[in-house]
Amino acid sequence: MRGIILVVGLVVALLAGETADAPAKATCHPTITQQILRANLDRDRELEIVNATNVSCAHDYALSIDDRCVAQNRRYPLPGLGRQRQVVNVEANAQPDGRELFYALRDSSKGIEGGAVAVLHLASRRQGTCPTAKYLYLFRPGPKVRLFQAQLGEFSKRYPGREVWLREVLPGRVRVRFFRYDRRLARYIVYATISA
Ligand SMILES: [Ca+2]
Ligand SMILES: [Ca+2]
């Protein structure tokens with residue numbers, strides 16, 4: 001008898017838990033995709049679309065790019081997720097290779113490692129193939145990073161185009177690094193580090 005009461009009690013508790021969760025599920029709208037930017041990220045005449053998709057009930061956003069190539073729609077998911085986002089379409093590397101997308105995703109419910117900072121555009125790997133995301137800069141915080149912030153800006157007149165400023169809070173110190181575009185390597189490289 002006591003066993004039956006216990007089982008009934010457990011079932012009631014589970015049902016109560018289900019009911020308590022129900023309103024939260026109803027107000028949570030994951031996987032809603034919003035178009036947040038129209039940008040020219042390759043060199044064709046059609047604009048690409050940058051999307052932010054709400055991928056969790058914690059309101060983490062993931063980004064993707066929609067492109068049309070050979071009469072087909074293609075979606076390229078971008079790394080990282082976060083509740084805070086910065087997204088801009090600019091000419092970052094001062095090269096005739098199309099404009100770039102700079103984005104930073106932070107404050108993810110998955111912890112600091114969910115975040116990302118990137119500078120990218122779309123480029124064909126081989127002539128005649130559809131362009132895919134080419135990363136000129138990509139930062140994913142490691143497990144030691146407690147906090148990070150990033151900006152794309154004109155931090156040095158010595159280097160053409162814009163530079164990336166990255167500030168990381170690490171155990172016992174703060175590290176600020178500046179990255180510039182290197183034409184030969186076709187990516188951003190560090191040119192100054194300040195550690196305090
Ligand atoms: Ca460019
Ligand atoms: Ca510069």
# chains A, B, ... in the order shown; residues from 1 in each chain; ligands from 1
call {"tool": "closest_atom_pairs", "arguments": {"of": "stretch 67-126 of chain A", "to": "stretch 130-148 of chain A", "cutoff": "6 Å", "atoms": "only C-alpha atoms", "output": "Markdown table"}}
result
| residue | atom | partner | partner_atom | distance |
| --- | --- | --- | --- | --- |
| A:Glu113 | CA | A:Pro141 | CA | 5.2 |
| A:Ala116 | CA | A:Arg140 | CA | 4.8 |
| A:Val117 | CA | A:Phe139 | CA | 5.0 |
| A:Ala118 | CA | A:Leu138 | CA | 4.4 |
| A:Val119 | CA | A:Tyr137 | CA | 4.9 |
| A:Leu120 | CA | A:Tyr135 | CA | 4.4 |
| A:His121 | CA | A:Lys134 | CA | 5.5 |
| A:Leu122 | CA | A:Ala133 | CA | 4.6 |
| A:Ala123 | CA | A:Pro131 | CA | 4.4 |
| A:Ser124 | CA | A:Pro131 | CA | 3.9 |
call {"tool": "write_last_selection", "arguments": {"atoms": "N, CA and C atoms", "output": "short mmCIF file (atom, residue, chain, number, x, y, z; two decimals), in the first residue's frame"}}
result
data_model
loop_
_atom_site.label_atom_id
_atom_site.label_comp_id
_atom_site.auth_asym_id
_atom_site.auth_seq_id
_atom_site.Cartn_x
_atom_site.Cartn_y
_atom_site.Cartn_z
N GLU A 113 32.62 29.88 -23.96
CA GLU A 113 33.14 29.19 -25.14
C GLU A 113 32.15 29.15 -26.31
N ALA A 116 31.95 33.95 -30.34
CA ALA A 116 32.83 33.99 -31.51
C ALA A 116 32.99 35.42 -31.98
N VAL A 117 34.13 35.68 -32.61
CA VAL A 117 34.37 36.96 -33.30
C VAL A 117 34.93 36.59 -34.67
N ALA A 118 34.40 37.21 -35.72
CA ALA A 118 34.89 36.84 -37.06
C ALA A 118 34.83 38.00 -38.04
N VAL A 119 35.72 37.95 -38.99
CA VAL A 119 35.68 38.81 -40.18
C VAL A 119 35.68 37.84 -41.36
N LEU A 120 34.68 37.94 -42.23
CA LEU A 120 34.60 36.98 -43.33
C LEU A 120 33.93 37.60 -44.55
N HIS A 121 34.12 36.98 -45.66
CA HIS A 121 33.31 37.28 -46.84
C HIS A 121 33.07 35.95 -47.56
N LEU A 122 32.37 36.03 -48.68
CA LEU A 122 32.14 34.81 -49.45
C LEU A 122 33.13 34.79 -50.61
N ALA A 123 33.73 33.66 -50.83
CA ALA A 123 34.70 33.53 -51.93
C ALA A 123 34.64 32.12 -52.49
N SER A 124 34.89 32.03 -53.81
CA SER A 124 34.91 30.70 -54.44
C SER A 124 36.27 30.06 -54.20
#
call {"tool": "residues_around", "arguments": {"residues": "A:Arg75", "least_positions_apart": "5", "cutoff": "8 Å", "atoms": "only C-alpha atoms", "output": "PyMOL selection string"}}
result
chain A and resi 64-67
call {"tool": "write_last_selection", "arguments": {"atoms": "C-alpha atoms", "output": "PDB file, in the first residue's frame"}}
result
ATOM      1  CA  SER A  64      23.890  32.420 -41.058  1.00  0.00           C
ATOM      2  CA  ILE A  65      24.259  33.819 -44.561  1.00  0.00           C
ATOM      3  CA  ASP A  66      21.814  33.135 -47.372  1.00  0.00           C
ATOM      4  CA  ASP A  67      23.178  33.282 -50.883  1.00  0.00           C
TER       5      ASP A  67
END
call {"tool": "residues_near_ligand", "arguments": {"ligand": "ligand 1", "cutoff": "8 Å", "atoms": "only C-alpha atoms and all ligand atoms", "output": "list in words"}}
result
Val90, Glu91, Ala92, Asn93, Ala94, Gln95, Pro96, Asp97, Gly98, Arg99, Glu100 and His121 of chain A
call {"tool": "residues_near_ligand", "arguments": {"ligand": "ligand 2", "cutoff": "9 Å", "atoms": "only C-alpha atoms and all ligand atoms", "output": "ChimeraX atom specification"}}
result
/A:92-94,153-163,180-181
call {"tool": "write_last_selection", "arguments": {"atoms": "N, CA and C atoms", "output": "compact mmCIF listing (two decimals), in the first residue's frame"}}
result
# COMPACT_ATOMS: atom_id res chain seq x y z
N ALA A 92 36.57 45.80 -44.84
CA ALA A 92 37.48 45.64 -43.70
C ALA A 92 38.94 45.59 -44.11
N ASN A 93 39.26 44.84 -45.17
CA ASN A 93 40.67 44.60 -45.46
C ASN A 93 41.23 45.47 -46.59
N ALA A 94 40.41 46.41 -47.09
CA ALA A 94 40.84 47.35 -48.14
C ALA A 94 41.39 46.62 -49.37
N GLY A 153 37.89 48.39 -36.25
CA GLY A 153 37.98 49.84 -36.38
C GLY A 153 39.30 50.26 -36.99
N GLU A 154 39.43 51.57 -37.16
CA GLU A 154 40.68 52.12 -37.68
C GLU A 154 41.60 52.38 -36.49
N PHE A 155 42.36 51.36 -36.10
CA PHE A 155 43.22 51.47 -34.92
C PHE A 155 44.65 51.82 -35.29
N SER A 156 45.02 51.66 -36.59
CA SER A 156 46.37 52.01 -37.01
C SER A 156 46.34 52.48 -38.46
N LYS A 157 46.87 53.69 -38.69
CA LYS A 157 46.95 54.23 -40.06
C LYS A 157 48.05 53.51 -40.84
N ARG A 158 48.94 52.86 -40.12
CA ARG A 158 50.05 52.17 -40.79
C ARG A 158 49.56 51.02 -41.67
N TYR A 159 48.45 50.44 -41.27
CA TYR A 159 47.93 49.28 -42.01
C TYR A 159 46.66 49.66 -42.76
N PRO A 160 46.59 49.28 -44.06
CA PRO A 160 45.38 49.61 -44.81
C PRO A 160 44.16 48.88 -44.24
N GLY A 161 43.03 49.52 -44.38
CA GLY A 161 41.80 48.88 -43.91
C GLY A 161 41.64 48.99 -42.41
N ARG A 162 40.78 48.17 -41.91
CA ARG A 162 40.45 48.23 -40.48
C ARG A 162 41.11 47.10 -39.72
N GLU A 163 41.32 47.35 -38.46
CA GLU A 163 41.98 46.38 -37.60
C GLU A 163 40.97 45.82 -36.59
N ARG A 180 45.85 42.87 -37.73
CA ARG A 180 45.79 43.59 -39.01
C ARG A 180 45.68 42.57 -40.14
N TYR A 181 45.21 43.03 -41.28
CA TYR A 181 45.10 42.13 -42.42
C TYR A 181 46.46 41.96 -43.07
call {"tool": "residues_around", "arguments": {"residues": "A:Leu81", "least_positions_apart": "3", "cutoff": "10 Å", "atoms": "only C-alpha atoms", "output": "PyMOL selection string"}}
result
chain A and resi 52-56+59-63+78+84-85+104-116
call {"tool": "select_by_dssp", "arguments": {"residues": "stretch 87-144 of chain A", "states": "strand (DSSP E or B)", "output": "PyMOL selection string"}}
result
chain A and resi 87-90+100-106+116-123+132-139
call {"tool": "write_last_selection", "arguments": {"atoms": "C-alpha atoms", "output": "JSON list (two decimals), in the first residue's frame"}}
result
[["chain", "number", "residue", "atom", "x", "y", "z"],
["A", 87, "VAL", "CA", 27.03, 42.62, -36.84],
["A", 88, "VAL", "CA", 28.31, 45.05, -39.48],
["A", 89, "ASN", "CA", 28.98, 44.91, -43.20],
["A", 90, "VAL", "CA", 32.09, 46.95, -44.05],
["A", 100, "GLU", "CA", 33.31, 41.82, -45.28],
["A", 101, "LEU", "CA", 31.02, 40.87, -42.46],
["A", 102, "PHE", "CA", 32.30, 41.52, -38.95],
["A", 103, "TYR", "CA", 30.42, 39.92, -36.10],
["A", 104, "ALA", "CA", 30.81, 39.20, -32.42],
["A", 105, "LEU", "CA", 28.56, 36.88, -30.43],
["A", 106, "ARG", "CA", 28.83, 36.91, -26.65],
["A", 116, "ALA", "CA", 32.83, 33.99, -31.51],
["A", 117, "VAL", "CA", 34.37, 36.96, -33.30],
["A", 118, "ALA", "CA", 34.89, 36.84, -37.06],
["A", 119, "VAL", "CA", 35.68, 38.81, -40.18],
["A", 120, "LEU", "CA", 34.60, 36.98, -43.33],
["A", 121, "HIS", "CA", 33.31, 37.28, -46.84],
["A", 122, "LEU", "CA", 32.14, 34.81, -49.45],
["A", 123, "ALA", "CA", 34.70, 33.53, -51.93],
["A", 132, "THR", "CA", 31.41, 29.84, -49.44],
["A", 133, "ALA", "CA", 32.36, 31.60, -46.20],
["A", 134, "LYS", "CA", 36.03, 32.52, -46.08],
["A", 135, "TYR", "CA", 37.28, 33.60, -42.65],
["A", 136, "LEU", "CA", 39.88, 36.36, -42.60],
["A", 137, "TYR", "CA", 39.71, 36.38, -38.82],
["A", 138, "LEU", "CA", 38.10, 33.94, -36.40],
["A", 139, "PHE", "CA", 38.34, 33.93, -32.62]]
call {"tool": "closest_residue", "arguments": {"among": "A:Ala150, A:Val176, A:Leu170, A:Val70", "to": "A:Gly128", "atoms": "only C-alpha atoms"}}
result
A:Val70
call {"tool": "residues_around", "arguments": {"residues": "A:Ser195", "least_positions_apart": "3", "cutoff": "12 Å", "atoms": "only C-alpha atoms", "output": "number ranges by chain"}}
result
A: 166-178, 192
call {"tool": "residues_around", "arguments": {"residues": "A:Val164", "least_positions_apart": "2", "cutoff": "6 Å", "atoms": "only C-alpha atoms", "output": "list in words"}}
result
Gln151, Leu152, Phe178 and Phe179 of chain A
call {"tool": "write_last_selection", "arguments": {"atoms": "N, CA and C atoms", "output": "PDB file, in the first residue's frame"}}
result
ATOM      1  N   GLN A 151      36.185  44.738 -31.333  1.00  0.00           N
ATOM      2  CA  GLN A 151      35.738  45.807 -32.230  1.00  0.00           C
ATOM      3  C   GLN A 151      36.533  45.726 -33.516  1.00  0.00           C
ATOM      4  N   LEU A 152      35.896  46.155 -34.596  1.00  0.00           N
ATOM      5  CA  LEU A 152      36.612  46.335 -35.856  1.00  0.00           C
ATOM      6  C   LEU A 152      36.671  47.837 -36.070  1.00  0.00           C
ATOM      7  N   PHE A 178      45.786  43.445 -30.968  1.00  0.00           N
ATOM      8  CA  PHE A 178      45.363  44.109 -32.197  1.00  0.00           C
ATOM      9  C   PHE A 178      45.768  43.222 -33.369  1.00  0.00           C
ATOM     10  N   PHE A 179      44.885  43.097 -34.332  1.00  0.00           N
ATOM     11  CA  PHE A 179      45.131  42.257 -35.513  1.00  0.00           C
ATOM     12  C   PHE A 179      44.986  43.113 -36.763  1.00  0.00           C
TER      13      PHE A 179
END
